[in-house]
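**Student:** Can you keep this structure in mind? I'll have questions shortly.
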Number of protein chains: 4
Amino acid sequence: MSTPTTLVALLHGPDQPGIVAKTAGWIFARQGNILHADQHRDMEGGEFFQRIEWVSAGGDTLVEIQEFHAFAASLGMKARVARSSHRAKGAIFVSKADHCFHDLLLRCQAGEFAGDFTCVISNHADLEVAAQHYGLVFHHVPVTAQTKAHAEARQLELLRSSGVEFVVLARYMQVLSEDFLTKYGQPVINIHHSFLPAFAGGRPYHQAHERGVKLIGATAHYATAVLDDGPIIQQDVARVTHRHSVDDLVRKGRDLEKSVLAQAVRWHLDNRILVYGNKTVVFD
Amino acid sequence: MSTPTTLVALLHGPDQPGIVAKTAGWIFARQGNILHADQHRDMEGGEFFQRIEWVSAGGDTLVEIQEFHAFAASLGMKARVARSSHRAKGAIFVSKADHCFHDLLLRCQAGEFAGDFTCVISNHADLEVAAQHYGLVFHHVPVTAQTKAHAEARQLELLRSSGVEFVVLARYMQVLSEDFLTKYGQPVINIHHSFLPAFAGGRPYHQAHERGVKLIGATAHYATAVLDDGPIIQQDVARVTHRHSVDDLVRKGRDLEKSVLAQAVRWHLDNRILVYGNKTVVFD
Amino acid sequence: MSTPTTLVALLHGPDQPGIVAKTAGWIFARQGNILHADQHRDMEGGEFFQRIEWVSAGGDTLVEIQEFHAFAASLGMKARVARSSHRAKGAIFVSKADHCFHDLLLRCQAGEFAGDFTCVISNHADLEVAAQHYGLVFHHVPVTAQTKAHAEARQLELLRSSGVEFVVLARYMQVLSEDFLTKYGQPVINIHHSFLPAFAGGRPYHQAHERGVKLIGATAHYATAVLDDGPIIQQDVARVTHRHSVDDLVRKGRDLEKSVLAQAVRWHLDNRILVYGNKTVVFD
Amino acid sequence: MSTPTTLVALLHGPDQPGIVAKTAGWIFARQGNILHADQHRDMEGGEFFQRIEWVSAGGDTLVEIQEFHAFAASLGMKARVARSSHRAKGAIFVSKADHCFHDLLLRCQAGEFAGDFTCVISNHADLEVAAQHYGLVFHHVPVTAQTKAHAEARQLELLRSSGVEFVVLARYMQVLSEDFLTKYGQPVINIHHSFLPAFAGGRPYHQAHERGVKLIGATAHYATAVLDDGPIIQQDVARVTHRHSVDDLVRKGRDLEKSVLAQAVRWHLDNRILVYGNKTVVFD
């Protein structure tokens with residue numbers, strides 16, 4: 001006899017009468033027990049969004065997932081279904097700045113994530129010992145302008161061979177090419193600083209300090225071909241004054257990056273994020 | 001032919017399999033169209049909570065409401081159903097401090113609330129002209145220790161005769177008796193300051209200043225017999241430093257009181273607050 | 001015998017040894033009593049900033065102010081000195097949106113500002129009665145593309161003839177020309193929405209909603225020739241989710257605009273804002 | 001020739017005319033260069049507070065410190081003077097919860113603190129390897145009701161023998177006796193959760209969840225004989241909803257504890273905290 005499994009479906013499509021009743025009815029008819037159901041209707045776009053989590057009555061859950069996909073398709077909905085028991089395997093891409101790296105791995109150790117990191121890929125060797133200390137495989141893949149295509153091919157091979165299901169760019173200072181993102185085809189979460197107003201060019205914290213901004217921010221998003229412009233997952237800001245030096249801004253920026261990225265990873269692993277066009281619906 | 005009406009149900013009761021499917025199915029069977037549905041399951045208490053909003057297919061909505069109540073009861077659920085088109089009538093109780101009074105009425109004018117204030121009751125005459133300027137009836141009901149019972153009887157009469165469905169205590173500096181609250185039997189929303197740590201006794205802002213707290217707060221809640229201890233609806237805090245005088249704390253407190261109370265009133269009028277025991281579930 | 005007056009100086013210039021001792025010594029030598037003194041040294045630029053507030057020992061304060069200016073000049077510093085007892089006269093420019101208008105005037109009535117509004121200038125007549133209700137003179141100055149130069153000349157005349165010392169643009173939907181700002185020559189405080197990322201073009205709240213941003217913001221700044229780009233005084237943000245409609249974003253934006261603009265006006269009237277290049281140092 | 005040293009003085013005492021000029025003049029007369037000076041006058045208590053930081057002209061700074069103490073005493077002020085170049089040595093007390101422990105040590109490694117941790121004292125052996133990984137000495141000092149006095153004597157000996165100048169209780173689950181605090185005589189910084197309203201008794205997160213609070217908080221303070229009631233250094237809160245389980249509250253509480261405790265330690269090591277009675281003045 002198989003142990004009951006919990007399933008989570010994220011679905012969206014054109015709104016239609018009875019849609020809530022139909023999905024709930026489908027699950028109830030299979031003797032599933034709905035734990036959470038959250039719906040959203042975009043009034044402007046006429047789109048329906050739902051996250052629904054239920055305890056399967058047993059049987060082959062892979063079959064149940066297939067059947068749910070077919071059911072959703074019959075309603076004109078796109079669906080993604082995950083088993084809650086499945087702990088997704090992730091990779092951390094990192095350069096030299098290690099604050100997000102340590103933060104993510106300590107949270108993982110503390111049991112805050114419904115997934116696990118299995119390897120670290122870096123263009124520098126600095127964090128090799130630290131990664132091993134956390135029990136992770138460390139891959140040093142140097143990147144230069146000349147070797148970039150080669151390096152990305154190597155990274156792709158490493159991700160595929162170890163079955164990595166999502167990547168977190170934990171202050172990875174290299175831009176991933178559109179080609180890499182397309183070939184990998186799995187979610188890649190990135191973190192970057194955000195300012196009001198936005199600053200183009202380098203040394204943004206210096207620019208923010210010079211401009212006398214009163215808030216600095218960070219944004220976590222899914223990476224897309226357009227740098228720093230994918231669907232936004234989470235954002236936060238911190239207050240600064242003239243008393244804060246550029247170093248203070250950088251330090252406060254690190255704290256923001258840690259907490260915003262960790263929140264994005266947590267939501268991703270809890271299957272709470274539905275991507276729709278260039279935006280997200282986060283069922284928190 | 002009757003115009004379609006939107007209904008909102010807040011229901012709760014012991015969790016059970018199929019409950020989501022059953023409520024959605026009940027509405028679908030009547031050709032209603034669910035606009036929003038939000039469920040919550042309290043894992044510790046085994047209690048199920050739901051807010052569900054749907055466009056009725058037409059017909060007599062009062063009958064539909066009665067039938068929904070019967071349906072909910074058949075599932076062992078307690079339900080409260082409101083018509084979205086219904087704009088509840090409210091009264092503001094106020095003393096001399098007028099910041100929440102103006103804030104609520106300007107927001108009402110700006111169309112921020114799904115209800116209307118119709119009268120103002122005060123133990124002072126100061127705000128009579130202002131109330132009339134907003135187009136409200138003003139009742140001056142003085143209160144002394146000796147006349148309190150009499151004054152409450154008068155207030156009750158005013159509320160009942162004008163069909164007031166909820167009361168907002170907008171810095172009303174009198175404690176309403178348990179007897180009054182019981183007899184009135186409708187929701188009464190109150191706002192009070194909150195501190196970490198809490199301070200007993202008078203002049204709390206002076207105490208907070210003396211203690212050097214770094215945060216001051218405000219809490220909106222439904223009034224119950226126990227002063228300042230009913231189900232919490234909303235809370236917020238503001239940061240203070242030694243540079244802030246007691247007057248600054250009081251001013252910041254006013255801003256908190258305004259925004260927290262307005263948010264509580266908005267949620268109440270949107271039928272987003274489900275009271276359960278001494279807590280609330282706010283479907284925001 | 002003259003009553004003692006409190007003076008506030010804001011000064012800045014190239015940092016130099018002994019500058020704190022010299023200003024404090026200058027005041028002490030005149031038997032003034034320093035109430036507050038706050039210094040800041042910009043490490044990157046080598047610039048010194050100070051706000052110093054003292055009770056004058058009496059005598060002619062206009063002479064004392066002149067002498068302080070001369071003293072600051074002798075140190076190579078630029079200074080601005082104000083008497084705390086002086087309540088600056090301000091004008092509110094407004095169009096149809098009235099949330100900042102009411103907020104500022106109610107705060108003024110509540111004694112939150114160290115200054116007073118004396119007149120309202122609007123390109124629409126809608127708020128005439130409300131302005132008069134607050135006891136203010138209302139000037140209706142319509143503006144069209146054709147009449148803009150003429151309208152600005154009229155506005156300038158109104159400001160000058162009534163000795164208005166600062167202007168607050170409380171959601172005034174017209175851009176003031178560089179010519180107007182130069183001729184007026186006094187501080188003009190503006191409020192505008194801010195987003196992460198920034199959105200060009202019209203209907204920013206719609207764009208923010210479409211982009212799925214998780215934060216919306218507002219920025220108060222001194223108006224300069226470059227629209228929305230003068231020295232930033234204050235900024236704040238509010239959290240939004242997919243559950244919030246465009247209307248909710250607009251409503252939350254109104255609340256941000258009110259509180260951020262009021263804070264900027266308060267600091268301005270307390271002589272806490274030192275403008276340096278395109279940034280501010282706020283001695284809060 | 002000695003290298004110039006930066007000194008920081010925190011002083012307070014009854015307010016008096018000329019006090020700012022006198023301290024600045026004292027430093028200027030010794031050819032010191034003031035980097036920062038921040039004053040505060042408690043209007044209610046008539047007390048004057050100052051933090052002043054200056055580059056000494058050279059010579060024996062220990063003599064200069066002694067002389068400053070004498071000078072402050074001559075003004076009726078209490079003073080504490082530190083050399084900025086001095087990196088204070090600290091100890092971390094910890095039990096099993098390790099979030100603050102890792103957070104403090106990673107920040108220390110990242111150069112965020114103007115001091116260093118040299119040893120870890122714990123009533124459990126769990127964090128021995130981790131402490132050594134950070135290069136710290138680890139002392140396992142078990143504590144039971146019977147051995148408490150003995151354990152505290154041992155802790156005191158460890159602190160004294162290694163010249164530890166401050167202690168951070170990083171979720172140390174034992175109450176330090178008044179006797180221990182008196183004998184140690186150096187600053188001890190503690191962190192604890194805070195709620196609105198406050199909850200007495202055990203399992204506060206369960207109580208907060210049951211009560212339906214909308215905010216949870218954390219407070220860092222100097223430990224005194226009265227548990228959780230010493231001078232408050234920093235406080236912060238996080239928003240929670242009914243969607244958050246008790247586990248979520250505990251996790252959010254950990255994040256608050258980390259950031260609030262780290263900020264308190266940073267301010268302490270920057271000599272920014274002046275303790276006065278049971279409150280602090282934080283010159284941030």
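Just remember, in the structure tokens the first chain shown is A, the second B, etc., residues are 1-based per chain, and ligands are 1-based in the order shown.
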Could the residues of chain A within 9 Å of chain B, counting only C-alpha atoms, be given as an NGL selection string, please?

**Tutor:** :A and (16-29 or 31-41)

**Student:** So that I can check the surroundings of Asp116 (chain A), please list as a PyMOL selection string every protein, DNA and RNA residue that reaches within 7 Å of it, counting only C-alpha atoms and ignoring chain neighbours fewer than 2 positions away.

**Tutor:** chain A and resi 87-90+108+118

**Student:** Using only C-alpha atoms, which residues sit within 8 Å of Gln155 (chain C) once same-chain residues fewer than 4 positions away are excluded, as an NGL selection string?

**Tutor:** :C and (121 or 141 or 151 or 159)

**Student:** Using only C-alpha atoms, find each residue of region 61-123 of chain C with at least one atom at most 10 Å away from an atom of region 239-257 of chain B; report its shortest atom-to-atom pair and that distance in Å (one decimal), sort the rows by chain and rising residue number, and return the result as JSON lines.

**Tutor:**
```
{"residue": "C:Arg107", "atom": "CA", "partner": "B:Arg251", "partner_atom": "CA", "distance": 9.7}
{"residue": "C:Ala110", "atom": "CA", "partner": "B:Arg251", "partner_atom": "CA", "distance": 9.4}
{"residue": "C:Gly111", "atom": "CA", "partner": "B:Arg251", "partner_atom": "CA", "distance": 9.8}
{"residue": "C:Glu112", "atom": "CA", "partner": "B:Arg251", "partner_atom": "CA", "distance": 7.7}
```

**Student:** Could you pull the residues within 9 Å of Asp229 (chain A), counting only C-alpha atoms, minus those fewer than 6 positions along the same chain, as a list in words?

**Tutor:**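 Final neighbour list, sorted by chain and number: His221, Tyr222, Ala223 and Asn278 of chain A; Pro197 of chain C.
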
**Student:** Take the residues from that selection and put them in a file with N, CA and C atoms, as a PDB file, in the first residue's frame.

**Tutor:**
```
ATOM      1  N   HIS A 221      14.440  37.945  -8.736  1.00  0.00           N
ATOM      2  CA  HIS A 221      13.617  37.691  -9.914  1.00  0.00           C
ATOM      3  C   HIS A 221      14.119  36.433 -10.621  1.00  0.00           C
ATOM      4  N   TYR A 222      13.292  35.901 -11.490  1.00  0.00           N
ATOM      5  CA  TYR A 222      13.738  34.813 -12.340  1.00  0.00           C
ATOM      6  C   TYR A 222      14.577  35.409 -13.457  1.00  0.00           C
ATOM      7  N   ALA A 223      15.718  34.791 -13.728  1.00  0.00           N
ATOM      8  CA  ALA A 223      16.602  35.300 -14.778  1.00  0.00           C
ATOM      9  C   ALA A 223      15.995  35.023 -16.143  1.00  0.00           C
ATOM     10  N   ASN A 278       5.593  38.383 -17.939  1.00  0.00           N
ATOM     11  CA  ASN A 278       6.791  38.871 -17.268  1.00  0.00           C
ATOM     12  C   ASN A 278       6.521  39.221 -15.817  1.00  0.00           C
TER      13      ASN A 278
ATOM     14  N   PRO C 197      11.227  48.552 -10.778  1.00  0.00           N
ATOM     15  CA  PRO C 197      12.022  49.526 -11.539  1.00  0.00           C
ATOM     16  C   PRO C 197      11.203  50.764 -11.870  1.00  0.00           C
TER      17      PRO C 197
END
```
